[in-house]
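K.L.:
Got a structure for you, run02.csv, holding CSV, C-alpha atoms and all ligand atoms.
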```
chain,number,residue,atom,x,y,z
S,1,MET,CA,-215.1,19.9,-188.0
S,2,LEU,CA,-215.5,23.6,-187.4
S,3,ASP,CA,-217.3,24.5,-184.2
S,4,GLU,CA,-219.8,26.6,-186.1
S,5,LEU,CA,-220.7,23.7,-188.3
S,6,ARG,CA,-221.0,21.4,-185.3
S,7,GLU,CA,-223.4,23.8,-183.6
S,8,LEU,CA,-225.5,24.0,-186.7
S,9,TYR,CA,-225.7,20.3,-186.9
S,10,GLN,CA,-226.6,20.0,-183.2
S,11,GLU,CA,-229.5,22.4,-183.9
S,12,VAL,CA,-230.5,20.1,-186.8
S,13,ILE,CA,-230.5,17.1,-184.4
S,14,LEU,CA,-232.6,19.0,-181.8
S,15,ASP,CA,-235.0,20.0,-184.5
S,16,HIS,CA,-235.4,16.4,-185.7
S,17,GLY,CA,-236.0,15.4,-182.1
S,18,LYS,CA,-238.7,17.9,-181.6
S,19,ASN,CA,-240.3,17.6,-185.1
S,20,PRO,CA,-239.5,14.1,-186.4
S,21,ARG,CA,-239.8,13.7,-190.2
S,22,ASN,CA,-241.6,10.8,-191.8
S,23,PHE,CA,-243.3,10.0,-188.5
S,24,ARG,CA,-246.2,7.8,-189.8
S,25,ALA,CA,-247.1,4.2,-190.6
S,26,MET,CA,-246.9,3.0,-194.2
S,27,ASP,CA,-249.5,0.8,-195.9
S,28,ASN,CA,-247.5,-0.2,-198.9
S,29,ALA,CA,-244.2,-1.0,-197.1
S,30,THR,CA,-242.1,-3.7,-198.7
S,31,HIS,CA,-239.9,-3.9,-195.6
S,32,LYS,CA,-240.8,-3.4,-192.0
S,33,ALA,CA,-239.2,-4.2,-188.7
S,34,ALA,CA,-239.6,-3.4,-185.0
S,35,GLY,CA,-236.7,-2.4,-182.9
S,36,ARG,CA,-236.3,-2.1,-179.1
S,37,ASN,CA,-233.7,-0.6,-176.9
S,38,PRO,CA,-234.6,-1.9,-173.4
S,39,LEU,CA,-231.8,0.0,-171.8
S,40,CYS,CA,-233.5,3.3,-172.5
S,41,GLY,CA,-237.0,2.2,-173.3
S,42,ASP,CA,-236.9,3.3,-177.0
S,43,GLN,CA,-239.0,1.4,-179.3
S,44,LEU,CA,-239.9,2.0,-182.9
S,45,VAL,CA,-241.1,0.5,-186.2
S,46,VAL,CA,-239.3,1.3,-189.4
S,47,TYR,CA,-241.1,1.1,-192.8
S,48,LEU,CA,-239.5,1.0,-196.2
S,49,ALA,CA,-241.0,0.9,-199.6
S,50,VAL,CA,-238.4,-0.2,-202.2
S,51,ASP,CA,-239.6,0.4,-205.8
S,52,GLU,CA,-239.0,-1.6,-209.0
S,53,ASP,CA,-235.9,0.4,-209.7
S,54,GLY,CA,-234.4,-1.0,-206.4
S,55,LYS,CA,-234.5,2.4,-204.6
S,56,VAL,CA,-236.0,3.4,-201.3
S,57,ALA,CA,-239.0,5.3,-202.6
S,58,ASP,CA,-240.4,6.0,-199.1
S,59,ALA,CA,-239.1,5.5,-195.6
S,60,SER,CA,-241.0,6.2,-192.4
S,61,PHE,CA,-241.1,5.3,-188.7
S,62,LEU,CA,-243.4,5.3,-185.7
S,63,GLY,CA,-242.4,4.9,-182.1
S,64,LYS,CA,-241.5,6.5,-178.8
S,65,GLY,CA,-238.3,7.1,-177.0
S,66,CYS,CA,-235.7,9.7,-176.0
S,67,ALA,CA,-234.9,12.7,-178.2
S,68,ILE,CA,-231.7,11.1,-179.6
S,69,SER,CA,-233.5,7.9,-180.8
S,70,MET,CA,-236.3,9.9,-182.4
S,71,ALA,CA,-233.9,12.4,-184.0
S,72,SER,CA,-231.7,9.6,-185.3
S,73,ALA,CA,-234.8,7.8,-186.7
S,74,SER,CA,-236.0,11.0,-188.4
S,75,MET,CA,-232.6,11.6,-190.0
S,76,MET,CA,-232.3,8.0,-191.0
S,77,THR,CA,-235.6,8.0,-192.9
S,78,GLU,CA,-234.6,11.2,-194.7
S,79,MET,CA,-231.1,9.8,-195.5
S,80,VAL,CA,-232.1,6.5,-196.9
S,81,HIS,CA,-234.8,8.0,-199.1
S,82,GLY,CA,-233.8,7.6,-202.8
S,83,LYS,CA,-230.9,5.3,-201.9
S,84,THR,CA,-230.6,1.6,-202.8
S,85,PRO,CA,-230.8,-0.8,-199.8
S,86,GLU,CA,-227.1,-1.5,-200.4
S,87,ASP,CA,-226.2,2.2,-199.9
S,88,ALA,CA,-228.5,2.3,-196.8
S,89,GLU,CA,-226.5,-0.6,-195.4
S,90,ARG,CA,-223.2,1.1,-196.2
S,91,LEU,CA,-224.4,4.2,-194.3
S,92,PHE,CA,-225.4,2.0,-191.4
S,93,GLU,CA,-222.0,0.3,-191.3
S,94,ASN,CA,-220.2,3.6,-191.5
S,95,PHE,CA,-222.4,5.1,-188.7
S,96,HIS,CA,-222.0,2.0,-186.5
S,97,THR,CA,-218.2,2.2,-186.8
S,98,LEU,CA,-218.3,5.9,-186.0
S,99,CYS,CA,-220.3,5.3,-182.9
S,100,THR,CA,-218.6,2.3,-181.5
S,101,THR,CA,-214.9,2.9,-182.3
S,102,ASP,CA,-212.4,5.7,-182.3
S,103,HIS,CA,-211.9,5.1,-185.9
S,104,THR,CA,-213.5,7.4,-188.5
S,105,PRO,CA,-214.0,5.4,-191.6
S,106,ASP,CA,-213.8,6.9,-195.1
S,107,ALA,CA,-217.2,7.8,-196.5
S,108,PRO,CA,-218.5,5.4,-199.1
S,109,GLU,CA,-218.4,7.0,-202.6
S,110,GLY,CA,-221.3,9.3,-203.3
S,111,LEU,CA,-222.4,9.3,-199.6
S,112,GLU,CA,-220.0,12.0,-198.3
S,113,ASP,CA,-222.8,14.5,-197.3
S,114,GLU,CA,-224.7,11.9,-195.4
S,115,VAL,CA,-221.6,10.7,-193.5
S,116,GLU,CA,-220.9,14.3,-192.5
S,117,LYS,CA,-224.3,14.5,-190.9
S,118,LEU,CA,-223.8,11.2,-189.2
S,119,GLU,CA,-220.5,12.3,-187.8
S,120,VAL,CA,-222.3,14.9,-185.7
S,121,LEU,CA,-224.7,12.3,-184.3
S,122,SER,CA,-221.8,10.1,-183.6
S,123,GLY,CA,-220.8,12.5,-180.8
S,124,VAL,CA,-222.8,10.1,-178.6
S,125,ARG,CA,-219.8,7.8,-178.6
S,126,GLN,CA,-218.6,9.7,-175.6
S,127,PHE,CA,-221.7,8.4,-173.8
S,128,PRO,CA,-221.8,4.6,-174.3
S,129,SER,CA,-225.3,4.3,-172.9
S,130,ARG,CA,-226.6,6.6,-175.6
S,131,VAL,CA,-225.0,4.8,-178.5
S,132,LYS,CA,-227.9,2.3,-178.6
S,133,CYS,CA,-230.4,5.2,-178.8
S,134,ALA,CA,-228.6,6.7,-181.8
S,135,THR,CA,-228.1,3.4,-183.6
S,136,LEU,CA,-231.5,1.8,-182.9
S,137,SER,CA,-233.3,3.1,-186.0
S,138,TRP,CA,-230.4,2.0,-188.2
S,139,HIS,CA,-230.3,-1.4,-186.7
S,140,THR,CA,-234.0,-1.7,-187.3
S,141,MET,CA,-233.7,-0.4,-190.9
S,142,ASP,CA,-231.0,-3.0,-191.4
S,143,ALA,CA,-233.2,-5.8,-190.0
S,144,ALA,CA,-236.1,-4.7,-192.2
S,145,ILE,CA,-233.9,-4.9,-195.3
S,146,LYS,CA,-232.6,-8.3,-194.3
S,147,GLY,CA,-236.2,-9.5,-193.7
S,148,GLU,CA,-236.0,-9.8,-190.0
S,149,GLU,CA,-239.1,-8.7,-188.1
S,150,GLU,CA,-237.7,-7.7,-184.8
S,151,ILE,CA,-234.5,-6.7,-183.2
S,152,SER,CA,-233.4,-5.7,-179.7
S,153,THR,CA,-230.2,-3.9,-178.8
S,154,GLU,CA,-229.8,-6.2,-175.7
J,201,ZN,ZN,-232.9,6.4,-175.8
```
Show how you would write the structure in this file as structure tokens.
Ligand code: ZN

P.N.:
Amino acid sequence: MLDELRELYQEVILDHGKNPRNFRAMDNATHKAAGRNPLCGDQLVVYLAVDEDGKVADASFLGKGCAISMASASMMTEMVHGKTPEDAERLFENFHTLCTTDHTPDAPEGLEDEVEKLEVLSGVRQFPSRVKCATLSWHTMDAAIKGEEEISTE
């Protein structure tokens, strides 16, 4: 990736960390789960509302934690909006591989733009203790879709 592009995306991450999007509870959530990262102290609740067309009509989160966990959650809620739960899971798998291996998987079809953004966030893989911060919201979203109520990264 070009350095300029990387810088731009890093600004995006900082911005999300400072001004998280979709930071609110949701009354009509169809899926909801709580996630904890004891290593850093991050904790959050992810809410999803899947409509009758099978798409994520609304996604939000509440919680507290480090800037990376909050930025990642903010970006996650924006990214899964309008997607099917299956596509959201595909993005999670892709992001998880990016963060935990040296391997850069091919972007799932139709999700290339999202994966490009996730690649920037995956810079945390140089800092193993931060990987759980970056992936917490995704793990929690995945748990919500699977009907699990709580997850912990430990
Ligand atoms: Zn953290």

K.L.:
Taking all atoms listed in the file and a cut-off of 9 Å, can you tell me which residues surround ligand ZN 201 (chain J), written as a PyMOL selection string?

P.N.:
chain S and resi 37-43+65-70+129-134+136

K.L.:
Return as JSON lines the residues of segment 99-154 of chain S lying at most 8 Å from segment 44-64 of chain S, together with the closest atom-to-atom pair for each and the distance in Å to one decimal, counting all atoms listed in the file, with rows in chain order and ascending residue number.

P.N.:
```
{"residue": "S:Ser137", "atom": "CA", "partner": "S:Val46", "partner_atom": "CA", "distance": 7.1}
{"residue": "S:Thr140", "atom": "CA", "partner": "S:Val46", "partner_atom": "CA", "distance": 6.4}
{"residue": "S:Met141", "atom": "CA", "partner": "S:Val46", "partner_atom": "CA", "distance": 6.0}
{"residue": "S:Ala144", "atom": "CA", "partner": "S:Val46", "partner_atom": "CA", "distance": 7.4}
```

K.L.:
Could you tell me how far atom CA of Leu118 of chain S lies from atom CA of His31 of chain S, in Å and to one decimal?

P.N.:
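Atom CA of His31 of chain S lies 23.0 Å from atom CA of Leu118 of chain S.
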
K.L.:
Using all atoms listed in the file, find each residue of segment 23-96 of chain S with at least one atom at most 8 Å away from an atom of segment 103-108 of chain S; report its shortest atom-to-atom pair and that distance in Å (one decimal), sort the rows by chain and rising residue number, and return the result as CSV.

P.N.:
```
residue,atom,partner,partner_atom,distance
S:Arg90,CA,S:Pro108,CA,7.0
S:Leu91,CA,S:Pro108,CA,7.7
S:Asn94,CA,S:Pro105,CA,6.5
```

K.L.:
I'd like to know which of S:Val80, S:Leu111, S:Leu98, S:Ala33 is closest to Glu148 of chain S, using only C-alpha atoms.

P.N.:
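Distance minimum relative to Glu148 of chain S lands on S:Ala33.
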
K.L.:
Using atom CA of Asp3 of chain S and atom CA of Asp15 of chain S as the two end points, give the distance in Å to one decimal.

P.N.:
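Between atom CA of Asp3 of chain S and atom CA of Asp15 of chain S the gap works out to 18.3 Å.
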
K.L.:
Do you have the atom CA of Arg21 of chain S-atom CA of Gly147 of chain S distance handy?

P.N.:
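A separation of 23.7 Å between them.
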
K.L.:
Would you mind telling me which residue in S:Leu8, S:Leu14, S:Met79, S:Ala71 lies nearest to Glu112 of chain S when using all atoms listed in the file?

P.N.:
S:Met79

K.L.:
Between S:Asp142, S:Glu109, S:Glu150, S:Glu119, which residue has the minimum interatomic distance to Pro85 of chain S, considering all atoms listed in the file?

P.N.:
S:Asp142

K.L.:
Which residue gives the smallest distance to Val115 of chain S among S:Met76, S:Met26, S:Pro128, S:His139, with all atoms listed in the file counted?

P.N.:
S:Met76

K.L.:
Any idea what's packed within 12 Å of Glu11 of chain S, counting all atoms listed in the file, ignoring anything in its chain fewer than 6 positions away? Could you give it as a PyMOL selection string?

P.N.:
chain S and resi 4-5+17-19+71+117+120-121

K.L.:
Find the residue from S:Trp138, S:Glu93, S:Ile145, S:Gln126 that sits nearest to Arg36 of chain S; use only C-alpha atoms when measuring.

P.N.:
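Closest to Arg36 of chain S of all the choices is S:Trp138.
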
K.L.:
N, CA, C and O atoms are what I want for segment 81-106 of chain S; can you complete it accordingly and write them as a compact mmCIF listing (two decimals), in the frame of the given file?

P.N.:
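Output file out-v7.txt follows:
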```
# COMPACT_ATOMS: atom_id res chain seq x y z
N HIS S 81 -233.84 7.73 -198.06
CA HIS S 81 -234.80 8.00 -199.10
C HIS S 81 -234.02 8.21 -200.46
O HIS S 81 -233.08 8.99 -200.52
N GLY S 82 -234.44 7.47 -201.49
CA GLY S 82 -233.80 7.60 -202.80
C GLY S 82 -232.53 6.74 -202.94
O GLY S 82 -231.95 6.68 -204.02
N LYS S 83 -232.10 6.11 -201.85
CA LYS S 83 -230.90 5.30 -201.90
C LYS S 83 -231.29 3.82 -202.23
O LYS S 83 -232.43 3.42 -202.02
N THR S 84 -230.33 3.04 -202.67
CA THR S 84 -230.60 1.60 -202.80
C THR S 84 -230.40 1.02 -201.38
O THR S 84 -229.73 1.61 -200.52
N PRO S 85 -231.03 -0.12 -201.13
CA PRO S 85 -230.80 -0.80 -199.80
C PRO S 85 -229.35 -1.01 -199.54
O PRO S 85 -228.92 -0.93 -198.39
N GLU S 86 -228.55 -1.26 -200.58
CA GLU S 86 -227.10 -1.50 -200.40
C GLU S 86 -226.43 -0.24 -199.84
O GLU S 86 -225.60 -0.32 -198.93
N ASP S 87 -226.79 0.92 -200.41
CA ASP S 87 -226.20 2.20 -199.90
C ASP S 87 -226.68 2.45 -198.48
O ASP S 87 -225.91 2.97 -197.66
N ALA S 88 -227.94 2.12 -198.19
CA ALA S 88 -228.50 2.30 -196.80
C ALA S 88 -227.66 1.46 -195.85
O ALA S 88 -227.31 1.92 -194.76
N GLU S 89 -227.32 0.24 -196.27
CA GLU S 89 -226.50 -0.60 -195.40
C GLU S 89 -225.11 -0.08 -195.23
O GLU S 89 -224.52 -0.19 -194.16
N ARG S 90 -224.57 0.51 -196.31
CA ARG S 90 -223.20 1.10 -196.20
C ARG S 90 -223.21 2.24 -195.22
O ARG S 90 -222.27 2.39 -194.43
N LEU S 91 -224.27 3.05 -195.25
CA LEU S 91 -224.40 4.20 -194.30
C LEU S 91 -224.46 3.63 -192.87
O LEU S 91 -223.87 4.18 -191.95
N PHE S 92 -225.23 2.57 -192.70
CA PHE S 92 -225.40 2.00 -191.40
C PHE S 92 -224.03 1.48 -190.85
O PHE S 92 -223.64 1.77 -189.71
N GLU S 93 -223.30 0.77 -191.69
CA GLU S 93 -222.00 0.30 -191.30
C GLU S 93 -221.06 1.39 -190.89
O GLU S 93 -220.35 1.33 -189.88
N ASN S 94 -221.08 2.44 -191.71
CA ASN S 94 -220.20 3.60 -191.50
C ASN S 94 -220.60 4.24 -190.11
O ASN S 94 -219.73 4.54 -189.29
N PHE S 95 -221.89 4.43 -189.90
CA PHE S 95 -222.40 5.10 -188.70
C PHE S 95 -222.06 4.20 -187.46
O PHE S 95 -221.65 4.70 -186.41
N HIS S 96 -222.22 2.90 -187.62
CA HIS S 96 -222.00 2.00 -186.50
C HIS S 96 -220.49 2.05 -186.11
O HIS S 96 -220.16 2.10 -184.92
N THR S 97 -219.62 2.08 -187.09
CA THR S 97 -218.20 2.20 -186.80
C THR S 97 -217.87 3.51 -186.12
O THR S 97 -217.13 3.56 -185.14
N LEU S 98 -218.49 4.59 -186.62
CA LEU S 98 -218.30 5.90 -186.00
C LEU S 98 -218.68 5.93 -184.55
O LEU S 98 -218.03 6.56 -183.72
N CYS S 99 -219.78 5.26 -184.22
CA CYS S 99 -220.30 5.30 -182.90
C CYS S 99 -219.65 4.38 -181.90
O CYS S 99 -219.69 4.60 -180.70
N THR S 100 -219.06 3.32 -182.41
CA THR S 100 -218.60 2.30 -181.50
C THR S 100 -217.07 2.14 -181.46
O THR S 100 -216.55 1.35 -180.69
N THR S 101 -216.38 2.91 -182.28
CA THR S 101 -214.90 2.90 -182.30
C THR S 101 -214.36 4.28 -182.30
O THR S 101 -215.11 5.24 -182.46
N ASP S 102 -213.05 4.41 -182.16
CA ASP S 102 -212.40 5.70 -182.30
C ASP S 102 -212.03 6.01 -183.71
O ASP S 102 -211.46 7.04 -184.03
N HIS S 103 -212.36 5.08 -184.54
CA HIS S 103 -211.90 5.10 -185.90
C HIS S 103 -213.00 5.87 -186.77
O HIS S 103 -214.19 5.64 -186.62
N THR S 104 -212.56 6.79 -187.60
CA THR S 104 -213.50 7.40 -188.50
C THR S 104 -213.26 6.87 -189.91
O THR S 104 -212.25 7.16 -190.55
N PRO S 105 -214.17 6.02 -190.34
CA PRO S 105 -214.00 5.40 -191.60
C PRO S 105 -214.16 6.34 -192.80
O PRO S 105 -214.83 7.36 -192.64
N ASP S 106 -213.57 6.04 -193.93
CA ASP S 106 -213.80 6.90 -195.10
C ASP S 106 -215.25 6.74 -195.54
O ASP S 106 -215.85 5.68 -195.44
```
